[in-house]
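Report on the following structure.
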2 protein chains.
Amino acid sequence: MDFKYQSAVTLAQVAEAAGVGESTVSRVLRNHGSFSGKTRDRVIAAVERLGYVPNRIAGTLASAGSRLVAFVIPSLSNIVFADVLRGASAILEANQHQAVFAVTDYDPQREEALVASMLAWRPTAVMLAGYEHTQGTVKMLRAANCRSVELLDVDGTALDLAVGFSNRAAGHESAQFLLKRGYRRIGYVGHDLNRDTRAGKRFSSFCETLSAGGAPLVDCEIHAAASSVENGRLGLEQLLTRTPDLDAVYFSNDDMALGGYFHCLARGISIPSQLAIFGYNGLDIGRVTPQPFSTIRTPRVATGQVAAKLVVDNAPPQVVDLGFQLIEGATA
Amino acid sequence: MDFKYQSAVTLAQVAEAAGVGESTVSRVLRNHGSFSGKTRDRVIAAVERLGYVPNRIAGTLASAGSRLVAFVIPSLSNIVFADVLRGASAILEANQHQAVFAVTDYDPQREEALVASMLAWRPTAVMLAGYEHTQGTVKMLRAANCRSVELLDVDGTALDLAVGFSNRAAGHESAQFLLKRGYRRIGYVGHDLNRDTRAGKRFSSFCETLSAGGAPLVDCEIHAAASSVENGRLGLEQLLTRTPDLDAVYFSNDDMALGGYFHCLARGISIPSQLAIFGYNGLDIGRVTPQPFSTIRTPRVATGQVAAKLVVDNAPPQVVDLGFQLIEGATA
DNA sequence: ACCAAGAATGGTAGCGCTACCATTCTCTTT
DNA sequence: AAAGAGAATGGTAGCGCTACCATTCTTGGT
């Protein structure tokens with residue numbers, strides 16, 4: 001079987017059809033430089049008649065500006081990244097940039113390989129999740145003459161640009177909130193922390209604050225798998241089997257927390273009197289549950305927007321901390 | 001401010017550094033054609049020493065094969081498309097293809113504009129949601145020498161390739177199921193059907209089957225907005241305010257149904273004895289709720305995988321119906 | 001030692017555009 | 001009417017690669 005790409009209509013053909021030079025067509029199409037109204041009309045007419053679609057590959061090669069922005073993200077199922085992508089792609093589109101993406105599955109080695117293959121497209125920028133990258137990734141990014149943006153974290157040293165919020169601070173504030181509400185026997189249900197290092201940062205900071213507050217973490221249940229509602233439910237079930245007398249549980253995120261919430265509903269555990277639940281992310285769904293979730297709302301869409309804005313503006317290296325918002329809710 | 005793209009290392013420089021010709025470097029890098037082991041080693045060494053990253057832009061222009069697959073999808077927030085993308089991108093990556101995407105927000109005009117800008121990258125294929133496109137989109141796609149895949153629907157005439165399942169059949173089976181279970185006063189809560197035409201197909205087919213079964217739809221509440229858990233909850237609330245004596249409600253999808261489920265939980269409406277709930281999509285979350293959802297599970301990830309496979313194999317035009325699975329659940 | 005046949009390599013013409021420079025065509029201005 | 005400024009246009013050299021062809025080295029067979 002044979003591939004054949006794209007109608008063979010080229011700029012040269014348009015030029016001939018319109019009876020003008022190639023450079024004139026190029027100028028009209030990019031609306032750059034000067035040309036008369038008549039000429040423009042003839043060019044446009046020829047373009048429409050021939051159904052010409054400019055070849056950006058050639059254009060990019062000639063002008064050294066790909067207007068492509070590469071996203072190398074851990075997962076697509078996780079709404080967090082979908083939100084970031086959504087925020088970013090709106091801004092990028094408005095500025096004639098295009099998003100390309102690849103999924104690492106939280107694997108740093110895959111990240112490295114994917115960054116390499118992305119770089120081959122000479123993107124304007126590469127967007128990555130967090131600060132934890134392989135040496136190879138860092139080296140490539142430094143060598144490449146393109147911007148990089150590290151997303152959803154600000155606890156670390158940025159390569160170039162970074163946009164997000166402090167996961168340490170989030171963990172800290174979550175712990176403080178629970179302590180202030182009087183919970184003392186606190187547990188944790190989480191997913192694979194080696195892979196999701198941002199969740200790991202929240203967790204360790206959470207634990208430190210609890211200890212400092214005189215009520216160190218009582219027990220935790222960590223599934224070595226991706227976060228999901230199901231794992232949250234299973235995790236809480238196992239945690240409570242082992243340690244039934246907890247009065248509050250901190251979840252690695254709202255998906256996990258929702259699973260825990262369902263477990264409580266199913267078992268008739270009343271929230272928050274018998275058991276308090278606290279999550280992370282501030283998903284929309286947590287506002288619609290019978291009891292609104294106590295959680296931390298993160299500016300995910302804004303993270304994408306700001307990141308995209310910095311890139312299209314070619315802003316100088318900087319770290320933008322967008323902060324987060326603690327939602328008191330009714331589950332803790 | 002000035003952009004500067006990528007280290008200026010070119011294949012020619014690698015060739016010089018390795019003391020071989022350009023074509024030899026190209027052959028080694030693509031592992032195509034013949035060359036000696038010594039030569040390969042010298043080339044590889046030079047590549048590593050210089051930190052050379054091949055320029056795919058130039059490569060594509062020279063070889064007329066972009067290995068880019070464009071996704072023009074309605075939304076990223078909707079897990080459905082994220083699932084499709086996930087399935088597809090795994091297959092594409094394994095075959096050295098790259099996914100590029102753009103979001104239409106369910107607007108056919110935007111779809112047209114985005115398809116045009118995607119075509120400029122001379123993609124191997126363009127992936128679209130459903131069959132409803134503007135004339136302009138269809139014309140471009142026909143003219144362009146690239147494959148197209150219409151996803152998540154098979155009720156219509158495909159442009160080229162199509163992968164999905166029948167939304168009409170889904171609506172039909174949902175109605176039959178509710179009728180068989182003895183529900184007679186059935187309502188519907190949905191989101192914007194003009195935009196999500198696949199939901200529209202399910203709904204109309206659902207209604208037809210109900211009527212044929214002697215229990216025509218009693219009432220419906222349609223929000224002219226995107227589907228969301230929140231709109232599901234609000235929708236059911238309004239529907240029940242107007243028509244309290246329904247015995248079952250069909251939702252446009254599981255997100256909406258989950259909102260309805262939460263409404264019932266909050267109001268103490270017992271499911272399914274007082275009110276039955278039936279959804280669509282078979283989201284994971286519906287398996288973890290205290291009562292598993294009655295719904296139709298759609299092969300979303302598989303849709304992406306199959307679509308990608310057809311594209312990388314350059315399969316002849318065809319429509320692949322992946323079917324779906326009715327989940328009896330406990331909510332209807 | 002000689003000759004195919006094939007392996008290994010190098011040279012180079014594009015791919016379709018844009019950037020840059022050269023040229024031609026208006027108009028004022030004096 | 002001549003000159004100059006600026007608008008409008010065309011020609012063309014690459015951008016960095018790959019495809020193709022030409023050439024040069026190895027082989028093994030006789």
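Letters A, B, ... mark the chains of the structure tokens in the order given; residue numbers begin at 1 per chain; ligand numbers begin at 1, in order shown.
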Return as a tab-separated table the residues of chain D lying at most 9 Å from chain B, together with the closest atom-to-atom pair for each and the distance in Å to one decimal, counting only C-alpha atoms (C1' of nucleotides), with rows in chain order and ascending residue number.
residue	atom	partner	partner_atom	distance
D:DC15	C1'	B:Ala58	CA	7.8
D:DG16	C1'	B:Ala58	CA	5.0
D:DC17	C1'	B:Gly59	CA	4.6
D:DT18	C1'	B:Ala62	CA	5.2
D:DA19	C1'	B:Ser63	CA	7.8
Go through chain C residue by residue and, counting only C-alpha atoms (C1' of nucleotides), keep those with an atom at most 6 Å from chain A; for each kept residue give the shortest atom pair and its distance in Å to one decimal, ordered by chain and increasing number, as a tab-separated table.
residue	atom	partner	partner_atom	distance
C:DG16	C1'	A:Ala58	CA	5.0
C:DC17	C1'	A:Gly59	CA	4.6
C:DT18	C1'	A:Ala62	CA	5.3
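For Pro123 of chain A, the non-local neighbours within 6 Å, defined as residues at least 4 positions apart in the same chain or in other chains and counting only C-alpha atoms (C1' of nucleotides), are Ser66, Leu68 and Val69 of chain A.
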Go through segment 1-42 of chain B and collect every residue that DSSP, computed from the backbone, puts in alpha helix (DSSP H); the answer should be as number ranges by chain. B: 11-18, 22-30, 37-42
Considering only C-alpha atoms, tabulate each residue of chain A that lies at most 7 Å from chain B along with its nearest interatomic pair and the corresponding distance in Å to one decimal; arrange the rows by chain and ascending residue number and present them as CSV.
residue,atom,partner,partner_atom,distance
A:Met1,CA,B:Asn314,CA,6.9
A:Lys4,CA,B:Asn145,CA,6.0
A:Tyr5,CA,B:Asn145,CA,4.7
A:Gln6,CA,B:Asn145,CA,3.6
A:Ser7,CA,B:Ala144,CA,5.1
A:Val53,CA,B:Ala120,CA,6.0
A:Pro54,CA,B:Ala120,CA,5.6
A:Asn55,CA,B:Ala120,CA,4.9
A:Arg56,CA,B:Ala120,CA,5.2
A:Ile57,CA,B:Ile57,CA,5.8
A:Ala58,CA,B:Leu61,CA,6.2
A:Leu61,CA,B:Ala58,CA,6.2
A:Ala64,CA,B:Tyr5,CA,6.7
A:Leu76,CA,B:Ala82,CA,5.9
A:Ser77,CA,B:Ala82,CA,6.2
A:Ala82,CA,B:Leu76,CA,5.8
A:Asp83,CA,B:Ser77,CA,6.7
A:Arg86,CA,B:Leu76,CA,6.3
A:Ala99,CA,B:Val100,CA,6.2
A:Val100,CA,B:Val100,CA,4.4
A:Phe101,CA,B:Ala99,CA,6.2
A:Ala120,CA,B:Asn55,CA,4.9
A:Trp121,CA,B:Arg56,CA,5.4
A:Arg122,CA,B:Gln6,CA,6.4
A:Ala143,CA,B:Ser7,CA,6.4
A:Ala144,CA,B:Gln6,CA,4.6
A:Asn145,CA,B:Gln6,CA,3.6
A:Cys146,CA,B:Tyr5,CA,5.7
A:Val229,CA,B:Ile285,CA,6.2
A:Glu230,CA,B:Val288,CA,5.8
A:Gly259,CA,B:Val288,CA,6.9
A:Phe262,CA,B:Thr289,CA,5.6
A:Leu265,CA,B:Pro290,CA,6.5
A:Ala266,CA,B:Pro290,CA,4.8
A:Ile285,CA,B:Val229,CA,6.2
A:Val288,CA,B:Glu230,CA,5.8
A:Thr289,CA,B:Phe262,CA,5.6
A:Pro290,CA,B:Ala266,CA,4.8
A:Asn314,CA,B:Met1,CA,6.9
Residues of the last selection are to be written out with N, CA and C atoms, as a compact mmCIF listing (two decimals), in the first residue's frame.
# COMPACT_ATOMS: atom_id res chain seq x y z
N MET A 1 0.84 -1.22 0.00
CA MET A 1 0.00 0.00 0.00
C MET A 1 0.87 1.25 0.00
N LYS A 4 0.13 8.70 -0.09
CA LYS A 4 0.34 9.87 -0.94
C LYS A 4 -0.16 11.04 -0.14
N TYR A 5 0.69 11.98 0.07
CA TYR A 5 0.29 13.05 0.95
C TYR A 5 -0.17 14.30 0.23
N GLN A 6 -1.33 14.69 0.55
CA GLN A 6 -1.81 16.02 0.26
C GLN A 6 -1.84 16.37 -1.22
N SER A 7 -2.87 17.05 -1.54
CA SER A 7 -3.01 17.57 -2.89
C SER A 7 -1.68 18.23 -3.25
N VAL A 53 -3.69 24.62 0.21
CA VAL A 53 -3.44 24.64 1.65
C VAL A 53 -1.94 24.80 1.84
N PRO A 54 -1.51 25.90 2.44
CA PRO A 54 -0.07 26.14 2.60
C PRO A 54 0.59 24.97 3.32
N ASN A 55 1.79 24.69 2.99
CA ASN A 55 2.54 23.62 3.63
C ASN A 55 3.41 24.20 4.73
N ARG A 56 2.95 23.97 5.97
CA ARG A 56 3.63 24.54 7.11
C ARG A 56 4.99 23.91 7.33
N ILE A 57 5.14 22.70 6.86
CA ILE A 57 6.42 22.01 7.01
C ILE A 57 7.48 22.81 6.27
N ALA A 58 7.15 23.11 5.04
CA ALA A 58 8.10 23.87 4.23
C ALA A 58 8.28 25.27 4.80
N LEU A 61 10.50 25.20 7.82
CA LEU A 61 11.90 24.95 7.48
C LEU A 61 12.54 26.23 6.95
N ALA A 64 12.34 28.94 10.14
CA ALA A 64 12.86 28.59 11.45
C ALA A 64 11.94 28.94 12.59
N LEU A 76 -3.27 11.05 30.37
CA LEU A 76 -4.39 11.80 29.80
C LEU A 76 -5.65 11.52 30.58
N SER A 77 -5.66 10.39 31.29
CA SER A 77 -6.86 10.02 32.03
C SER A 77 -7.02 10.94 33.23
N ALA A 82 -5.59 17.07 31.56
CA ALA A 82 -6.56 17.49 30.55
C ALA A 82 -6.91 18.96 30.77
N ASP A 83 -7.04 19.35 32.03
CA ASP A 83 -7.36 20.75 32.33
C ASP A 83 -6.23 21.69 31.89
N ARG A 86 -6.22 21.96 28.25
CA ARG A 86 -7.36 22.76 27.79
C ARG A 86 -7.06 24.24 27.92
N ALA A 99 -0.62 22.61 19.51
CA ALA A 99 -0.16 21.72 20.56
C ALA A 99 0.11 20.32 20.01
N VAL A 100 1.20 19.76 20.42
CA VAL A 100 1.53 18.38 20.11
C VAL A 100 1.74 17.72 21.46
N PHE A 101 1.36 16.47 21.59
CA PHE A 101 1.58 15.89 22.91
C PHE A 101 1.99 14.44 22.85
N ALA A 120 12.72 16.98 17.88
CA ALA A 120 12.96 16.83 16.45
C ALA A 120 12.03 17.70 15.63
N TRP A 121 10.94 18.13 16.23
CA TRP A 121 10.01 19.01 15.52
C TRP A 121 10.34 20.47 15.76
N ARG A 122 11.43 20.73 16.40
CA ARG A 122 11.86 22.10 16.67
C ARG A 122 10.72 22.93 17.25
N ALA A 143 20.43 22.06 25.90
CA ALA A 143 21.12 22.20 24.62
C ALA A 143 20.19 22.74 23.55
N ALA A 144 18.96 22.29 23.61
CA ALA A 144 18.00 22.70 22.58
C ALA A 144 17.73 24.18 22.71
N ASN A 145 17.62 24.83 21.59
CA ASN A 145 17.34 26.24 21.63
C ASN A 145 15.84 26.46 21.69
N CYS A 146 15.20 25.89 22.71
CA CYS A 146 13.77 26.10 22.82
C CYS A 146 13.40 26.27 24.29
N VAL A 229 -10.67 6.36 41.32
CA VAL A 229 -11.74 6.31 42.31
C VAL A 229 -11.75 4.93 42.96
N GLU A 230 -11.58 3.93 42.13
CA GLU A 230 -11.60 2.57 42.65
C GLU A 230 -10.50 2.32 43.68
N GLY A 259 -13.47 7.91 45.93
CA GLY A 259 -13.58 6.49 46.20
C GLY A 259 -13.82 6.25 47.69
N PHE A 262 -17.33 7.12 48.61
CA PHE A 262 -18.28 6.08 48.22
C PHE A 262 -18.22 4.91 49.21
N LEU A 265 -20.23 5.89 52.15
CA LEU A 265 -21.67 5.85 51.83
C LEU A 265 -22.15 4.41 51.85
N ALA A 266 -21.39 3.54 51.23
CA ALA A 266 -21.80 2.15 51.12
C ALA A 266 -21.84 1.47 52.48
N ILE A 285 -16.58 17.70 40.42
CA ILE A 285 -17.45 16.67 40.93
C ILE A 285 -17.61 16.76 42.45
N VAL A 288 -20.58 18.65 43.81
CA VAL A 288 -21.93 18.20 43.50
C VAL A 288 -22.34 17.01 44.35
N THR A 289 -21.36 16.40 44.99
CA THR A 289 -21.67 15.30 45.88
C THR A 289 -22.63 15.80 46.96
N PRO A 290 -23.42 14.90 47.56
CA PRO A 290 -24.36 15.33 48.60
C PRO A 290 -23.68 16.24 49.62
N ASN A 314 7.26 34.82 24.78
CA ASN A 314 8.69 34.60 24.93
C ASN A 314 9.23 35.34 26.16
Can you work out the spacing between atom CA of Pro299 of chain B and atom CA of Asp254 of chain B in Å, to one decimal? 14.2 Å
Report as number ranges by chain all protein, DNA and RNA residues lying within 10 Å of Gln274 of chain A, evaluated on only C-alpha atoms (C1' of nucleotides), omitting residues in the same chain fewer than 4 positions from it. A: 245-248, 264, 268-270
Let me see the file: selected residues, N, CA and C atoms, as a PDB file, in the first residue's frame.
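Generated file (selection17.pdb):
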ATOM      1  N   ASP A 245     -10.018   2.943  64.061  1.00  0.00           N
ATOM      2  CA  ASP A 245     -10.361   4.098  64.897  1.00  0.00           C
ATOM      3  C   ASP A 245      -9.763   5.423  64.428  1.00  0.00           C
ATOM      4  N   LEU A 246      -9.650   5.594  63.140  1.00  0.00           N
ATOM      5  CA  LEU A 246      -9.170   6.875  62.616  1.00  0.00           C
ATOM      6  C   LEU A 246     -10.311   7.880  62.667  1.00  0.00           C
ATOM      7  N   ASP A 247      -9.969   9.146  62.791  1.00  0.00           N
ATOM      8  CA  ASP A 247     -11.055  10.136  62.736  1.00  0.00           C
ATOM      9  C   ASP A 247     -10.986  11.003  61.486  1.00  0.00           C
ATOM     10  N   ALA A 248      -9.890  10.875  60.749  1.00  0.00           N
ATOM     11  CA  ALA A 248      -9.814  11.619  59.492  1.00  0.00           C
ATOM     12  C   ALA A 248      -8.845  10.919  58.544  1.00  0.00           C
ATOM     13  N   CYS A 264     -17.583   5.054  52.338  1.00  0.00           N
ATOM     14  CA  CYS A 264     -18.311   5.462  53.531  1.00  0.00           C
ATOM     15  C   CYS A 264     -19.816   5.405  53.307  1.00  0.00           C
ATOM     16  N   GLY A 268     -22.213   3.011  55.377  1.00  0.00           N
ATOM     17  CA  GLY A 268     -22.965   3.767  56.372  1.00  0.00           C
ATOM     18  C   GLY A 268     -22.077   4.474  57.386  1.00  0.00           C
ATOM     19  N   ILE A 269     -20.862   4.759  56.993  1.00  0.00           N
ATOM     20  CA  ILE A 269     -19.979   5.526  57.872  1.00  0.00           C
ATOM     21  C   ILE A 269     -20.325   6.993  57.702  1.00  0.00           C
ATOM     22  N   SER A 270     -20.715   7.671  58.751  1.00  0.00           N
ATOM     23  CA  SER A 270     -21.182   9.034  58.541  1.00  0.00           C
ATOM     24  C   SER A 270     -20.024  10.026  58.525  1.00  0.00           C
TER      25      SER A 270
END
With DSSP run on the backbone, what are the strand (DSSP E or B) residues within segment 58-87 of chain A? I'd like them as a ChimeraX atom specification. /A:68-73
Give me the residues within 9 Å of segment 8-11 of chain C as a list in words, counting only C-alpha atoms (C1' of nucleotides) and dropping any in the same chain fewer than 2 places off. Val20, Gly21, Glu22, Ser23, Thr24, Ser34, Phe35 and Ser36 of chain B; DA22, DT23, DT24, DC25 and DT26 of chain D
If we count only C-alpha atoms (C1' of nucleotides) and set the cut-off at 8 Å, which residues sit around Gly323 of chain B, ignoring sequence neighbours fewer than 3 positions away in its own chain? Please answer as number ranges by chain. B: 164-166, 298-299
